[in-house]
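For reference, the structure discussed in these notes is given below.
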Amino acid sequence: MVGTFRLLPLPSAGRDIRAWRHGVPNAKAAAHRMVPFWYPSIVIWREWTVFGEIADVRLRLHGPQPTPYFYVPMKPTELIGIAIAPELAQHALGISNDDCAGQVIDWKEGRFEEALLLAARGSPVASIAEAMARQILSVSADCPKDDIDYAIAMMRRTRGIATVSAIRDRIGLSERQFRTAFKDRIGVSAKGYSRLVRVNAIIERADQVSTPDWADLSHRYGFFDQAHMINDLRSLTGQSPAVLDIERRAE
């Protein structure tokens with residue numbers, strides 16, 4: 001996952017969920033571009049007044065975003081989220097990735113009441129995230145894993161560099177079986193998911209250095225050449241790597 005947010009420490013979490021935060025009290029974030037991703041998040045929106053008081057707290061589901069979009073907050077808003085591996089989303093939340101893709105949905109569910117109460121009391125974001133994570137982990141622990149889950153996890157661990165055919169051969173499914181089972185599980189094709197993972201990995205790496213070496217990144221992440229990488233990023237994000245990097249540093 002990558003974006004203009006901060007990852008939060010989550011001692012109880014495994015590899016299948018990540019905690020994140022965007023925004024701070026009393027400040028309205030500037031409008032900015034979000035790059036495409038394919039994982040849902042359960043998110044507490046905590047709105048603040050200009051006087052540092054909590055004005056509103058609500059729970060929402062952020063679906064996967066297959067296209068870039070602009071986040072334009074109208075008020076000082078703090079987002080505290082738990083990102084969930086896409087293969088676990090339906091099991092943990094009872095909604096498919098396809099059904100919530102591209103949407104932000106008001107979400108009412110009793111198991112997140114503790115986290116909402118903590119948010120309303122002004123508790124630190126780490127404790128709110130931990131309360132949310134416990135509810136997801138209690139469900140995901142009982143979720144059976146199979147070859148498709150292994151394939152999805154392998155794409156994430158290799159940052160999208162491992163080819164789809166190599167992963168398919170590793171688990172021993174035919175091309176047709178693999179293609180159908182993968183799409184049924186997370187709502188996007190194996191090639192499309194791998195592509196999103198790889199592009200996000202490149203952007204995340206570029207964010208970590210002062211001057212990205214795009215030629216080196218194209219080689220490191222398995223592109224045929226730098227032009228191939230540029231075209232892929234422009235196709236998915238709407239901007240060339242260099243322009244996208246300038247935008248993100250301005251944020």
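Ordering of the structure tokens sets the chain letters (A, B, ...); residue numbers start at 1 within each chain; ligands are numbered from 1 in the order shown.
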
Handout entry: Nearby residues (only C-alpha atoms) at most 8 Å from region 126-131 of chain A, same-chain spacing under 5 positions excluded, as a count of residues only
Key = 15

If DSSP is run on the backbone, what residues of region 78-225 of chain A are helix (DSSP H, G or I)? A reply as an mmCIF file with N, CA, C and O atoms, in the first residue's frame would be ideal.
```cif
data_model
loop_
_atom_site.group_PDB
_atom_site.id
_atom_site.type_symbol
_atom_site.label_atom_id
_atom_site.label_comp_id
_atom_site.auth_asym_id
_atom_site.auth_seq_id
_atom_site.Cartn_x
_atom_site.Cartn_y
_atom_site.Cartn_z
ATOM 1 N N PRO A 86 -6.959 -7.990 -0.008
ATOM 2 C CA PRO A 86 -8.192 -8.127 -0.792
ATOM 3 C C PRO A 86 -8.790 -9.523 -0.781
ATOM 4 O O PRO A 86 -10.006 -9.672 -0.879
ATOM 5 N N GLU A 87 -7.955 -10.548 -0.638
ATOM 6 C CA GLU A 87 -8.506 -11.907 -0.623
ATOM 7 C C GLU A 87 -9.285 -12.206 0.654
ATOM 8 O O GLU A 87 -10.059 -13.171 0.715
ATOM 9 N N LEU A 88 -9.081 -11.376 1.703
ATOM 10 C CA LEU A 88 -9.771 -11.582 2.980
ATOM 11 C C LEU A 88 -10.973 -10.662 3.157
ATOM 12 O O LEU A 88 -11.732 -10.811 4.115
ATOM 13 N N ALA A 89 -11.151 -9.712 2.245
ATOM 14 C CA ALA A 89 -12.152 -8.662 2.454
ATOM 15 C C ALA A 89 -13.558 -9.216 2.602
ATOM 16 O O ALA A 89 -14.292 -8.848 3.524
ATOM 17 N N GLN A 90 -13.960 -10.099 1.707
ATOM 18 C CA GLN A 90 -15.332 -10.605 1.765
ATOM 19 C C GLN A 90 -15.558 -11.412 3.036
ATOM 20 O O GLN A 90 -16.609 -11.325 3.669
ATOM 21 N N HIS A 91 -14.552 -12.197 3.422
ATOM 22 C CA HIS A 91 -14.667 -12.997 4.633
ATOM 23 C C HIS A 91 -14.744 -12.107 5.874
ATOM 24 O O HIS A 91 -15.537 -12.361 6.786
ATOM 25 N N ALA A 92 -13.946 -11.038 5.897
ATOM 26 C CA ALA A 92 -13.882 -10.181 7.084
ATOM 27 C C ALA A 92 -15.016 -9.174 7.154
ATOM 28 O O ALA A 92 -15.465 -8.811 8.248
ATOM 29 N N LEU A 93 -15.480 -8.693 5.992
ATOM 30 C CA LEU A 93 -16.448 -7.604 5.977
ATOM 31 C C LEU A 93 -17.801 -7.980 5.392
ATOM 32 O O LEU A 93 -18.758 -7.216 5.494
ATOM 33 N N ASN A 97 -14.982 -7.231 -3.150
ATOM 34 C CA ASN A 97 -14.201 -6.107 -3.657
ATOM 35 C C ASN A 97 -14.913 -5.415 -4.809
ATOM 36 O O ASN A 97 -14.908 -4.182 -4.897
ATOM 37 N N ASP A 98 -15.520 -6.191 -5.692
ATOM 38 C CA ASP A 98 -16.233 -5.611 -6.825
ATOM 39 C C ASP A 98 -17.385 -4.723 -6.376
ATOM 40 O O ASP A 98 -17.626 -3.658 -6.944
ATOM 41 N N ASP A 99 -18.101 -5.164 -5.344
ATOM 42 C CA ASP A 99 -19.289 -4.438 -4.896
ATOM 43 C C ASP A 99 -18.955 -3.070 -4.312
ATOM 44 O O ASP A 99 -19.797 -2.166 -4.325
ATOM 45 N N CYS A 100 -17.751 -2.910 -3.768
ATOM 46 C CA CYS A 100 -17.420 -1.623 -3.136
ATOM 47 C C CYS A 100 -16.318 -0.868 -3.863
ATOM 48 O O CYS A 100 -15.881 0.192 -3.396
ATOM 49 N N GLY A 110 -21.644 -3.260 14.745
ATOM 50 C CA GLY A 110 -21.464 -3.193 16.181
ATOM 51 C C GLY A 110 -20.079 -3.543 16.661
ATOM 52 O O GLY A 110 -19.632 -3.025 17.695
ATOM 53 N N ARG A 111 -19.351 -4.380 15.910
ATOM 54 C CA ARG A 111 -18.041 -4.812 16.423
ATOM 55 C C ARG A 111 -17.000 -3.691 16.437
ATOM 56 O O ARG A 111 -15.938 -3.846 17.038
ATOM 57 N N PHE A 112 -17.303 -2.559 15.776
ATOM 58 C CA PHE A 112 -16.364 -1.437 15.787
ATOM 59 C C PHE A 112 -16.781 -0.331 16.759
ATOM 60 O O PHE A 112 -16.216 0.769 16.720
ATOM 61 N N GLU A 113 -17.754 -0.625 17.625
ATOM 62 C CA GLU A 113 -18.237 0.378 18.569
ATOM 63 C C GLU A 113 -17.135 0.848 19.522
ATOM 64 O O GLU A 113 -17.049 2.025 19.865
ATOM 65 N N GLU A 114 -16.294 -0.080 19.987
ATOM 66 C CA GLU A 114 -15.225 0.302 20.902
ATOM 67 C C GLU A 114 -14.300 1.327 20.250
ATOM 68 O O GLU A 114 -13.931 2.330 20.869
ATOM 69 N N ALA A 115 -13.932 1.068 19.007
ATOM 70 C CA ALA A 115 -13.047 1.995 18.300
ATOM 71 C C ALA A 115 -13.715 3.347 18.101
ATOM 72 O O ALA A 115 -13.072 4.403 18.242
ATOM 73 N N LEU A 116 -15.000 3.358 17.787
ATOM 74 C CA LEU A 116 -15.722 4.620 17.612
ATOM 75 C C LEU A 116 -15.787 5.402 18.921
ATOM 76 O O LEU A 116 -15.628 6.632 18.931
ATOM 77 N N LEU A 117 -16.009 4.712 20.031
ATOM 78 C CA LEU A 117 -16.040 5.383 21.328
ATOM 79 C C LEU A 117 -14.679 5.984 21.668
ATOM 80 O O LEU A 117 -14.587 7.106 22.170
ATOM 81 N N LEU A 118 -13.612 5.233 21.386
ATOM 82 C CA LEU A 118 -12.271 5.755 21.622
ATOM 83 C C LEU A 118 -12.024 7.005 20.782
ATOM 84 O O LEU A 118 -11.455 7.997 21.254
ATOM 85 N N ALA A 119 -12.456 6.958 19.524
ATOM 86 C CA ALA A 119 -12.265 8.110 18.636
ATOM 87 C C ALA A 119 -13.041 9.317 19.146
ATOM 88 O O ALA A 119 -12.544 10.450 19.121
ATOM 89 N N ALA A 120 -14.268 9.089 19.617
ATOM 90 C CA ALA A 120 -15.103 10.181 20.111
ATOM 91 C C ALA A 120 -14.515 10.814 21.373
ATOM 92 O O ALA A 120 -14.723 12.004 21.641
ATOM 93 N N VAL A 125 -4.514 7.781 18.031
ATOM 94 C CA VAL A 125 -4.860 6.983 16.857
ATOM 95 C C VAL A 125 -4.374 5.537 16.975
ATOM 96 O O VAL A 125 -5.018 4.614 16.467
ATOM 97 N N ALA A 126 -3.260 5.303 17.651
ATOM 98 C CA ALA A 126 -2.729 3.945 17.764
ATOM 99 C C ALA A 126 -3.702 3.034 18.510
ATOM 100 O O ALA A 126 -3.909 1.883 18.122
ATOM 101 N N SER A 127 -4.309 3.536 19.574
ATOM 102 C CA SER A 127 -5.249 2.704 20.329
ATOM 103 C C SER A 127 -6.540 2.483 19.555
ATOM 104 O O SER A 127 -7.150 1.416 19.648
ATOM 105 N N ILE A 128 -6.949 3.465 18.769
ATOM 106 C CA ILE A 128 -8.142 3.311 17.929
ATOM 107 C C ILE A 128 -7.893 2.255 16.860
ATOM 108 O O ILE A 128 -8.721 1.363 16.632
ATOM 109 N N ALA A 129 -6.745 2.336 16.202
ATOM 110 C CA ALA A 129 -6.394 1.362 15.169
ATOM 111 C C ALA A 129 -6.305 -0.051 15.738
ATOM 112 O O ALA A 129 -6.752 -1.020 15.127
ATOM 113 N N GLU A 130 -5.731 -0.174 16.931
ATOM 114 C CA GLU A 130 -5.605 -1.482 17.558
ATOM 115 C C GLU A 130 -6.976 -2.079 17.847
ATOM 116 O O GLU A 130 -7.202 -3.281 17.648
ATOM 117 N N ALA A 131 -7.919 -1.263 18.312
ATOM 118 C CA ALA A 131 -9.270 -1.744 18.584
ATOM 119 C C ALA A 131 -9.958 -2.201 17.305
ATOM 120 O O ALA A 131 -10.695 -3.209 17.300
ATOM 121 N N MET A 132 -9.739 -1.502 16.208
ATOM 122 C CA MET A 132 -10.312 -1.909 14.925
ATOM 123 C C MET A 132 -9.670 -3.201 14.426
ATOM 124 O O MET A 132 -10.345 -4.108 13.948
ATOM 125 N N ALA A 133 -8.352 -3.266 14.560
ATOM 126 C CA ALA A 133 -7.619 -4.421 14.043
ATOM 127 C C ALA A 133 -8.029 -5.710 14.741
ATOM 128 O O ALA A 133 -8.120 -6.769 14.109
ATOM 129 N N ARG A 134 -8.294 -5.636 16.037
ATOM 130 C CA ARG A 134 -8.671 -6.841 16.777
ATOM 131 C C ARG A 134 -9.914 -7.492 16.185
ATOM 132 O O ARG A 134 -10.024 -8.726 16.132
ATOM 133 N N GLN A 135 -10.842 -6.670 15.719
ATOM 134 C CA GLN A 135 -12.080 -7.217 15.164
ATOM 135 C C GLN A 135 -11.839 -7.908 13.821
ATOM 136 O O GLN A 135 -12.439 -8.948 13.527
ATOM 137 N N ILE A 136 -10.959 -7.339 13.015
ATOM 138 C CA ILE A 136 -10.642 -7.964 11.724
ATOM 139 C C ILE A 136 -9.839 -9.243 11.937
ATOM 140 O O ILE A 136 -10.094 -10.282 11.307
ATOM 141 N N LEU A 137 -8.884 -9.198 12.843
ATOM 142 C CA LEU A 137 -8.042 -10.368 13.097
ATOM 143 C C LEU A 137 -8.834 -11.534 13.656
ATOM 144 O O LEU A 137 -8.554 -12.689 13.347
ATOM 145 N N SER A 138 -9.861 -11.251 14.468
ATOM 146 C CA SER A 138 -10.656 -12.334 15.045
ATOM 147 C C SER A 138 -11.413 -13.104 13.967
ATOM 148 O O SER A 138 -11.697 -14.292 14.126
ATOM 149 N N VAL A 139 -11.724 -12.432 12.865
ATOM 150 C CA VAL A 139 -12.409 -13.096 11.748
ATOM 151 C C VAL A 139 -11.412 -13.740 10.803
ATOM 152 O O VAL A 139 -11.568 -14.883 10.388
ATOM 153 N N SER A 140 -10.354 -13.000 10.456
ATOM 154 C CA SER A 140 -9.401 -13.503 9.469
ATOM 155 C C SER A 140 -8.641 -14.725 9.963
ATOM 156 O O SER A 140 -8.186 -15.550 9.167
ATOM 157 N N ASP A 147 -4.522 -22.316 -2.493
ATOM 158 C CA ASP A 147 -3.486 -21.968 -3.475
ATOM 159 C C ASP A 147 -3.646 -20.548 -4.023
ATOM 160 O O ASP A 147 -2.654 -19.865 -4.292
ATOM 161 N N ILE A 148 -4.875 -20.088 -4.189
ATOM 162 C CA ILE A 148 -5.088 -18.744 -4.708
ATOM 163 C C ILE A 148 -4.637 -17.709 -3.681
ATOM 164 O O ILE A 148 -4.017 -16.697 -4.026
ATOM 165 N N ASP A 149 -4.921 -17.960 -2.407
ATOM 166 C CA ASP A 149 -4.434 -17.060 -1.363
ATOM 167 C C ASP A 149 -2.908 -16.991 -1.386
ATOM 168 O O ASP A 149 -2.316 -15.928 -1.209
ATOM 169 N N TYR A 150 -2.280 -18.142 -1.582
ATOM 170 C CA TYR A 150 -0.820 -18.181 -1.665
ATOM 171 C C TYR A 150 -0.333 -17.338 -2.846
ATOM 172 O O TYR A 150 0.640 -16.576 -2.726
ATOM 173 N N ALA A 151 -1.012 -17.453 -3.976
ATOM 174 C CA ALA A 151 -0.614 -16.710 -5.171
ATOM 175 C C ALA A 151 -0.737 -15.208 -4.955
ATOM 176 O O ALA A 151 0.154 -14.428 -5.322
ATOM 177 N N ILE A 152 -1.830 -14.779 -4.331
ATOM 178 C CA ILE A 152 -2.050 -13.360 -4.079
ATOM 179 C C ILE A 152 -0.988 -12.821 -3.130
ATOM 180 O O ILE A 152 -0.403 -11.752 -3.347
ATOM 181 N N ALA A 153 -0.731 -13.575 -2.066
ATOM 182 C CA ALA A 153 0.287 -13.160 -1.103
ATOM 183 C C ALA A 153 1.672 -13.120 -1.745
ATOM 184 O O ALA A 153 2.479 -12.226 -1.441
ATOM 185 N N MET A 154 1.959 -14.056 -2.639
ATOM 186 C CA MET A 154 3.252 -14.076 -3.323
ATOM 187 C C MET A 154 3.437 -12.834 -4.195
ATOM 188 O O MET A 154 4.534 -12.265 -4.262
ATOM 189 N N MET A 155 2.372 -12.390 -4.840
ATOM 190 C CA MET A 155 2.463 -11.164 -5.640
ATOM 191 C C MET A 155 2.821 -9.973 -4.769
ATOM 192 O O MET A 155 3.626 -9.119 -5.157
ATOM 193 N N ARG A 156 2.239 -9.911 -3.587
ATOM 194 C CA ARG A 156 2.559 -8.798 -2.684
ATOM 195 C C ARG A 156 3.986 -8.899 -2.158
ATOM 196 O O ARG A 156 4.704 -7.909 -2.086
ATOM 197 N N ARG A 157 4.389 -10.101 -1.779
ATOM 198 C CA ARG A 157 5.732 -10.259 -1.207
ATOM 199 C C ARG A 157 6.819 -9.949 -2.226
ATOM 200 O O ARG A 157 7.886 -9.448 -1.871
ATOM 201 N N VAL A 164 3.047 -13.623 -13.461
ATOM 202 C CA VAL A 164 1.832 -14.383 -13.176
ATOM 203 C C VAL A 164 2.008 -15.846 -13.579
ATOM 204 O O VAL A 164 1.579 -16.751 -12.858
ATOM 205 N N SER A 165 2.670 -16.082 -14.697
ATOM 206 C CA SER A 165 2.859 -17.464 -15.159
ATOM 207 C C SER A 165 3.737 -18.255 -14.195
ATOM 208 O O SER A 165 3.482 -19.440 -13.934
ATOM 209 N N ALA A 166 4.775 -17.605 -13.642
ATOM 210 C CA ALA A 166 5.648 -18.300 -12.691
ATOM 211 C C ALA A 166 4.889 -18.665 -11.423
ATOM 212 O O ALA A 166 5.052 -19.766 -10.878
ATOM 213 N N ILE A 167 4.048 -17.759 -10.948
ATOM 214 C CA ILE A 167 3.255 -18.047 -9.751
ATOM 215 C C ILE A 167 2.227 -19.124 -10.039
ATOM 216 O O ILE A 167 2.006 -20.028 -9.225
ATOM 217 N N ARG A 168 1.609 -19.062 -11.192
ATOM 218 C CA ARG A 168 0.625 -20.088 -11.565
ATOM 219 C C ARG A 168 1.278 -21.460 -11.644
ATOM 220 O O ARG A 168 0.741 -22.454 -11.150
ATOM 221 N N ASP A 169 2.451 -21.528 -12.252
ATOM 222 C CA ASP A 169 3.159 -22.810 -12.341
ATOM 223 C C ASP A 169 3.531 -23.333 -10.959
ATOM 224 O O ASP A 169 3.528 -24.542 -10.715
ATOM 225 N N ARG A 170 3.834 -22.423 -10.050
ATOM 226 C CA ARG A 170 4.232 -22.808 -8.691
ATOM 227 C C ARG A 170 3.104 -23.529 -7.960
ATOM 228 O O ARG A 170 3.347 -24.475 -7.203
ATOM 229 N N ILE A 171 1.868 -23.098 -8.187
ATOM 230 C CA ILE A 171 0.752 -23.724 -7.485
ATOM 231 C C ILE A 171 0.086 -24.825 -8.294
ATOM 232 O O ILE A 171 -0.784 -25.525 -7.781
ATOM 233 N N GLU A 175 -3.907 -22.428 -16.810
ATOM 234 C CA GLU A 175 -4.112 -20.990 -17.007
ATOM 235 C C GLU A 175 -5.576 -20.610 -16.818
ATOM 236 O O GLU A 175 -5.891 -19.612 -16.167
ATOM 237 N N ARG A 176 -6.471 -21.408 -17.371
ATOM 238 C CA ARG A 176 -7.901 -21.095 -17.273
ATOM 239 C C ARG A 176 -8.390 -21.206 -15.827
ATOM 240 O O ARG A 176 -9.115 -20.335 -15.349
ATOM 241 N N GLN A 177 -8.003 -22.261 -15.134
ATOM 242 C CA GLN A 177 -8.408 -22.437 -13.740
ATOM 243 C C GLN A 177 -7.906 -21.277 -12.880
ATOM 244 O O GLN A 177 -8.649 -20.721 -12.056
ATOM 245 N N PHE A 178 -6.656 -20.927 -13.082
ATOM 246 C CA PHE A 178 -6.050 -19.865 -12.286
ATOM 247 C C PHE A 178 -6.719 -18.523 -12.559
ATOM 248 O O PHE A 178 -7.061 -17.781 -11.618
ATOM 249 N N ARG A 179 -6.922 -18.207 -13.818
ATOM 250 C CA ARG A 179 -7.511 -16.923 -14.186
ATOM 251 C C ARG A 179 -8.907 -16.768 -13.571
ATOM 252 O O ARG A 179 -9.249 -15.734 -13.000
ATOM 253 N N THR A 180 -9.718 -17.833 -13.683
ATOM 254 C CA THR A 180 -11.085 -17.779 -13.167
ATOM 255 C C THR A 180 -11.113 -17.703 -11.646
ATOM 256 O O THR A 180 -11.834 -16.884 -11.059
ATOM 257 N N ALA A 181 -10.312 -18.542 -10.984
ATOM 258 C CA ALA A 181 -10.315 -18.589 -9.520
ATOM 259 C C ALA A 181 -9.791 -17.284 -8.924
ATOM 260 O O ALA A 181 -10.310 -16.794 -7.911
ATOM 261 N N PHE A 182 -8.772 -16.700 -9.538
ATOM 262 C CA PHE A 182 -8.191 -15.453 -9.044
ATOM 263 C C PHE A 182 -9.213 -14.319 -9.127
ATOM 264 O O PHE A 182 -9.439 -13.605 -8.149
ATOM 265 N N LYS A 183 -9.830 -14.168 -10.291
ATOM 266 C CA LYS A 183 -10.816 -13.092 -10.484
ATOM 267 C C LYS A 183 -12.007 -13.283 -9.540
ATOM 268 O O LYS A 183 -12.517 -12.315 -8.967
ATOM 269 N N ASP A 184 -12.450 -14.520 -9.354
ATOM 270 C CA ASP A 184 -13.565 -14.775 -8.443
ATOM 271 C C ASP A 184 -13.213 -14.409 -7.006
ATOM 272 O O ASP A 184 -14.072 -13.952 -6.247
ATOM 273 N N ARG A 185 -11.953 -14.611 -6.627
ATOM 274 C CA ARG A 185 -11.568 -14.395 -5.242
ATOM 275 C C ARG A 185 -11.487 -12.911 -4.883
ATOM 276 O O ARG A 185 -11.970 -12.492 -3.832
ATOM 277 N N ILE A 186 -10.846 -12.099 -5.723
ATOM 278 C CA ILE A 186 -10.636 -10.703 -5.311
ATOM 279 C C ILE A 186 -11.230 -9.668 -6.261
ATOM 280 O O ILE A 186 -11.130 -8.472 -6.020
ATOM 281 N N ALA A 190 -5.530 -11.475 -12.275
ATOM 282 C CA ALA A 190 -4.189 -11.647 -11.703
ATOM 283 C C ALA A 190 -3.214 -10.645 -12.312
ATOM 284 O O ALA A 190 -2.400 -10.036 -11.603
ATOM 285 N N LYS A 191 -3.293 -10.451 -13.615
ATOM 286 C CA LYS A 191 -2.391 -9.501 -14.270
ATOM 287 C C LYS A 191 -2.657 -8.080 -13.785
ATOM 288 O O LYS A 191 -1.724 -7.311 -13.507
ATOM 289 N N GLY A 192 -3.931 -7.710 -13.647
ATOM 290 C CA GLY A 192 -4.274 -6.372 -13.190
ATOM 291 C C GLY A 192 -3.825 -6.125 -11.766
ATOM 292 O O GLY A 192 -3.322 -5.038 -11.435
ATOM 293 N N TYR A 193 -3.987 -7.130 -10.902
ATOM 294 C CA TYR A 193 -3.568 -6.975 -9.515
ATOM 295 C C TYR A 193 -2.052 -6.869 -9.412
ATOM 296 O O TYR A 193 -1.527 -5.997 -8.708
ATOM 297 N N SER A 194 -1.340 -7.728 -10.124
ATOM 298 C CA SER A 194 0.118 -7.692 -10.102
ATOM 299 C C SER A 194 0.637 -6.343 -10.596
ATOM 300 O O SER A 194 1.587 -5.773 -10.046
ATOM 301 N N ARG A 195 -0.012 -5.807 -11.593
ATOM 302 C CA ARG A 195 0.383 -4.516 -12.154
ATOM 303 C C ARG A 195 0.200 -3.395 -11.127
ATOM 304 O O ARG A 195 1.075 -2.533 -10.953
ATOM 305 N N LEU A 196 -0.923 -3.411 -10.416
ATOM 306 C CA LEU A 196 -1.159 -2.402 -9.384
ATOM 307 C C LEU A 196 -0.133 -2.506 -8.255
ATOM 308 O O LEU A 196 0.367 -1.497 -7.767
ATOM 309 N N VAL A 197 0.165 -3.739 -7.848
ATOM 310 C CA VAL A 197 1.137 -3.947 -6.777
ATOM 311 C C VAL A 197 2.501 -3.398 -7.193
ATOM 312 O O VAL A 197 3.183 -2.715 -6.410
ATOM 313 N N ARG A 198 2.910 -3.686 -8.419
ATOM 314 C CA ARG A 198 4.235 -3.256 -8.867
ATOM 315 C C ARG A 198 4.321 -1.734 -8.993
ATOM 316 O O ARG A 198 5.315 -1.130 -8.553
ATOM 317 N N VAL A 199 3.320 -1.110 -9.556
ATOM 318 C CA VAL A 199 3.336 0.344 -9.702
ATOM 319 C C VAL A 199 3.347 1.022 -8.336
ATOM 320 O O VAL A 199 4.078 1.988 -8.112
ATOM 321 N N ASN A 200 2.549 0.520 -7.397
ATOM 322 C CA ASN A 200 2.558 1.084 -6.045
ATOM 323 C C ASN A 200 3.914 0.910 -5.379
ATOM 324 O O ASN A 200 4.367 1.784 -4.633
ATOM 325 N N ALA A 201 4.568 -0.235 -5.629
ATOM 326 C CA ALA A 201 5.893 -0.464 -5.045
ATOM 327 C C ALA A 201 6.907 0.536 -5.583
ATOM 328 O O ALA A 201 7.757 1.044 -4.831
ATOM 329 N N ILE A 202 6.834 0.845 -6.866
ATOM 330 C CA ILE A 202 7.745 1.822 -7.459
ATOM 331 C C ILE A 202 7.520 3.207 -6.863
ATOM 332 O O ILE A 202 8.467 3.913 -6.490
ATOM 333 N N ILE A 203 6.256 3.598 -6.745
ATOM 334 C CA ILE A 203 5.946 4.912 -6.182
ATOM 335 C C ILE A 203 6.418 4.993 -4.738
ATOM 336 O O ILE A 203 6.995 6.008 -4.307
ATOM 337 N N GLU A 204 6.188 3.935 -3.980
ATOM 338 C CA GLU A 204 6.621 3.917 -2.587
ATOM 339 C C GLU A 204 8.136 4.052 -2.482
ATOM 340 O O GLU A 204 8.649 4.794 -1.641
ATOM 341 N N ARG A 205 8.855 3.353 -3.351
ATOM 342 C CA ARG A 205 10.312 3.438 -3.340
ATOM 343 C C ARG A 205 10.776 4.838 -3.736
ATOM 344 O O ARG A 205 11.706 5.403 -3.128
ATOM 345 N N ALA A 206 10.145 5.425 -4.733
ATOM 346 C CA ALA A 206 10.513 6.775 -5.163
ATOM 347 C C ALA A 206 10.280 7.787 -4.053
ATOM 348 O O ALA A 206 11.044 8.753 -3.905
ATOM 349 N N ASP A 207 9.236 7.562 -3.249
ATOM 350 C CA ASP A 207 8.955 8.467 -2.141
ATOM 351 C C ASP A 207 10.070 8.471 -1.096
ATOM 352 O O ASP A 207 10.216 9.431 -0.339
ATOM 353 N N TRP A 214 14.949 6.678 -12.155
ATOM 354 C CA TRP A 214 13.883 5.950 -12.825
ATOM 355 C C TRP A 214 14.407 4.783 -13.648
ATOM 356 O O TRP A 214 13.745 3.743 -13.747
ATOM 357 N N ALA A 215 15.579 4.933 -14.229
ATOM 358 C CA ALA A 215 16.160 3.825 -14.992
ATOM 359 C C ALA A 215 16.453 2.641 -14.079
ATOM 360 O O ALA A 215 16.175 1.479 -14.417
ATOM 361 N N ASP A 216 17.017 2.928 -12.908
ATOM 362 C CA ASP A 216 17.298 1.871 -11.942
ATOM 363 C C ASP A 216 16.009 1.228 -11.446
ATOM 364 O O ASP A 216 15.934 -0.005 -11.305
ATOM 365 N N LEU A 217 14.976 2.033 -11.180
ATOM 366 C CA LEU A 217 13.709 1.485 -10.703
ATOM 367 C C LEU A 217 13.047 0.607 -11.759
ATOM 368 O O LEU A 217 12.457 -0.433 -11.436
ATOM 369 N N SER A 218 13.152 1.010 -13.017
ATOM 370 C CA SER A 218 12.553 0.182 -14.080
ATOM 371 C C SER A 218 13.241 -1.174 -14.156
ATOM 372 O O SER A 218 12.581 -2.206 -14.359
ATOM 373 N N HIS A 219 14.551 -1.188 -13.970
ATOM 374 C CA HIS A 219 15.296 -2.452 -13.977
ATOM 375 C C HIS A 219 14.981 -3.277 -12.727
ATOM 376 O O HIS A 219 14.732 -4.478 -12.810
ATOM 377 N N ARG A 220 14.965 -2.605 -11.573
ATOM 378 C CA ARG A 220 14.745 -3.306 -10.297
ATOM 379 C C ARG A 220 13.378 -3.973 -10.252
ATOM 380 O O ARG A 220 13.230 -5.055 -9.670
#
```

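Of the listed residues A:Ile17, A:Leu233, A:Leu79, A:Ala30, the one whose atoms come nearest to Val43 (chain A) is A:Leu79, with distances taken using only C-alpha atoms.
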
Exercise for the section: May I ask which of the residues A:Pro124, A:Ile84, A:Ser235, A:Gly94 is the closest one to Pro25 (chain A), counting only C-alpha atoms? Expected result: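 Going through A:Pro124, A:Ile84, A:Ser235, A:Gly94 one by one, the smallest distance to Pro25 (chain A) is for A:Pro124.
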
Exercise for the section: Please identify all polymer residues within 12 Å of Ile54 (chain A), counting only C-alpha atoms, omitting same-chain residues fewer than 3 positions from it, and present them as a list in words. Expected result: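 Counting only the stated atoms, we get Val24, Pro25, Asn26, Trp45, Arg46, Glu47, Trp48, Thr49, Val50, Phe51, Val57, Arg58, Lys75, Pro76, Thr77, Glu78, Leu118, Ala119, Ala120, Arg121, Gly122 and Ser123 of chain A.
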
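Our summary of the geometry notes that CA of Gly102 (chain A) is positioned 8.0 Å from CA of His62 (chain A).
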
Completion exercise
Between A:Ile95, A:Val243, A:Ala27, A:Leu7, smallest distance to Glu53 (chain A) by only C-alpha atoms belongs to A:Ala27

Practice task
Find, counting only C-alpha atoms, the residue in A:Ile105, A:Ile161, A:Met74, A:Leu173 that gets nearest to Phe223 (chain A).
Solution key: A:Ile161

Practice task
Find the residues around Trp38 (chain A) up to 7 Å (only C-alpha atoms counted), leave out those fewer than 6 positions away in its own chain, and share them as a ChimeraX atom specification.
Solution key: /A:64-66,86

Handout entry: Straight-line distance linking CA of Ala85 (chain A) with CA of Tyr71 (chain A), stated in Å to one decimal
Key =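 Computed distance, CA of Ala85 (chain A) to CA of Tyr71 (chain A), equals 22.1 Å.
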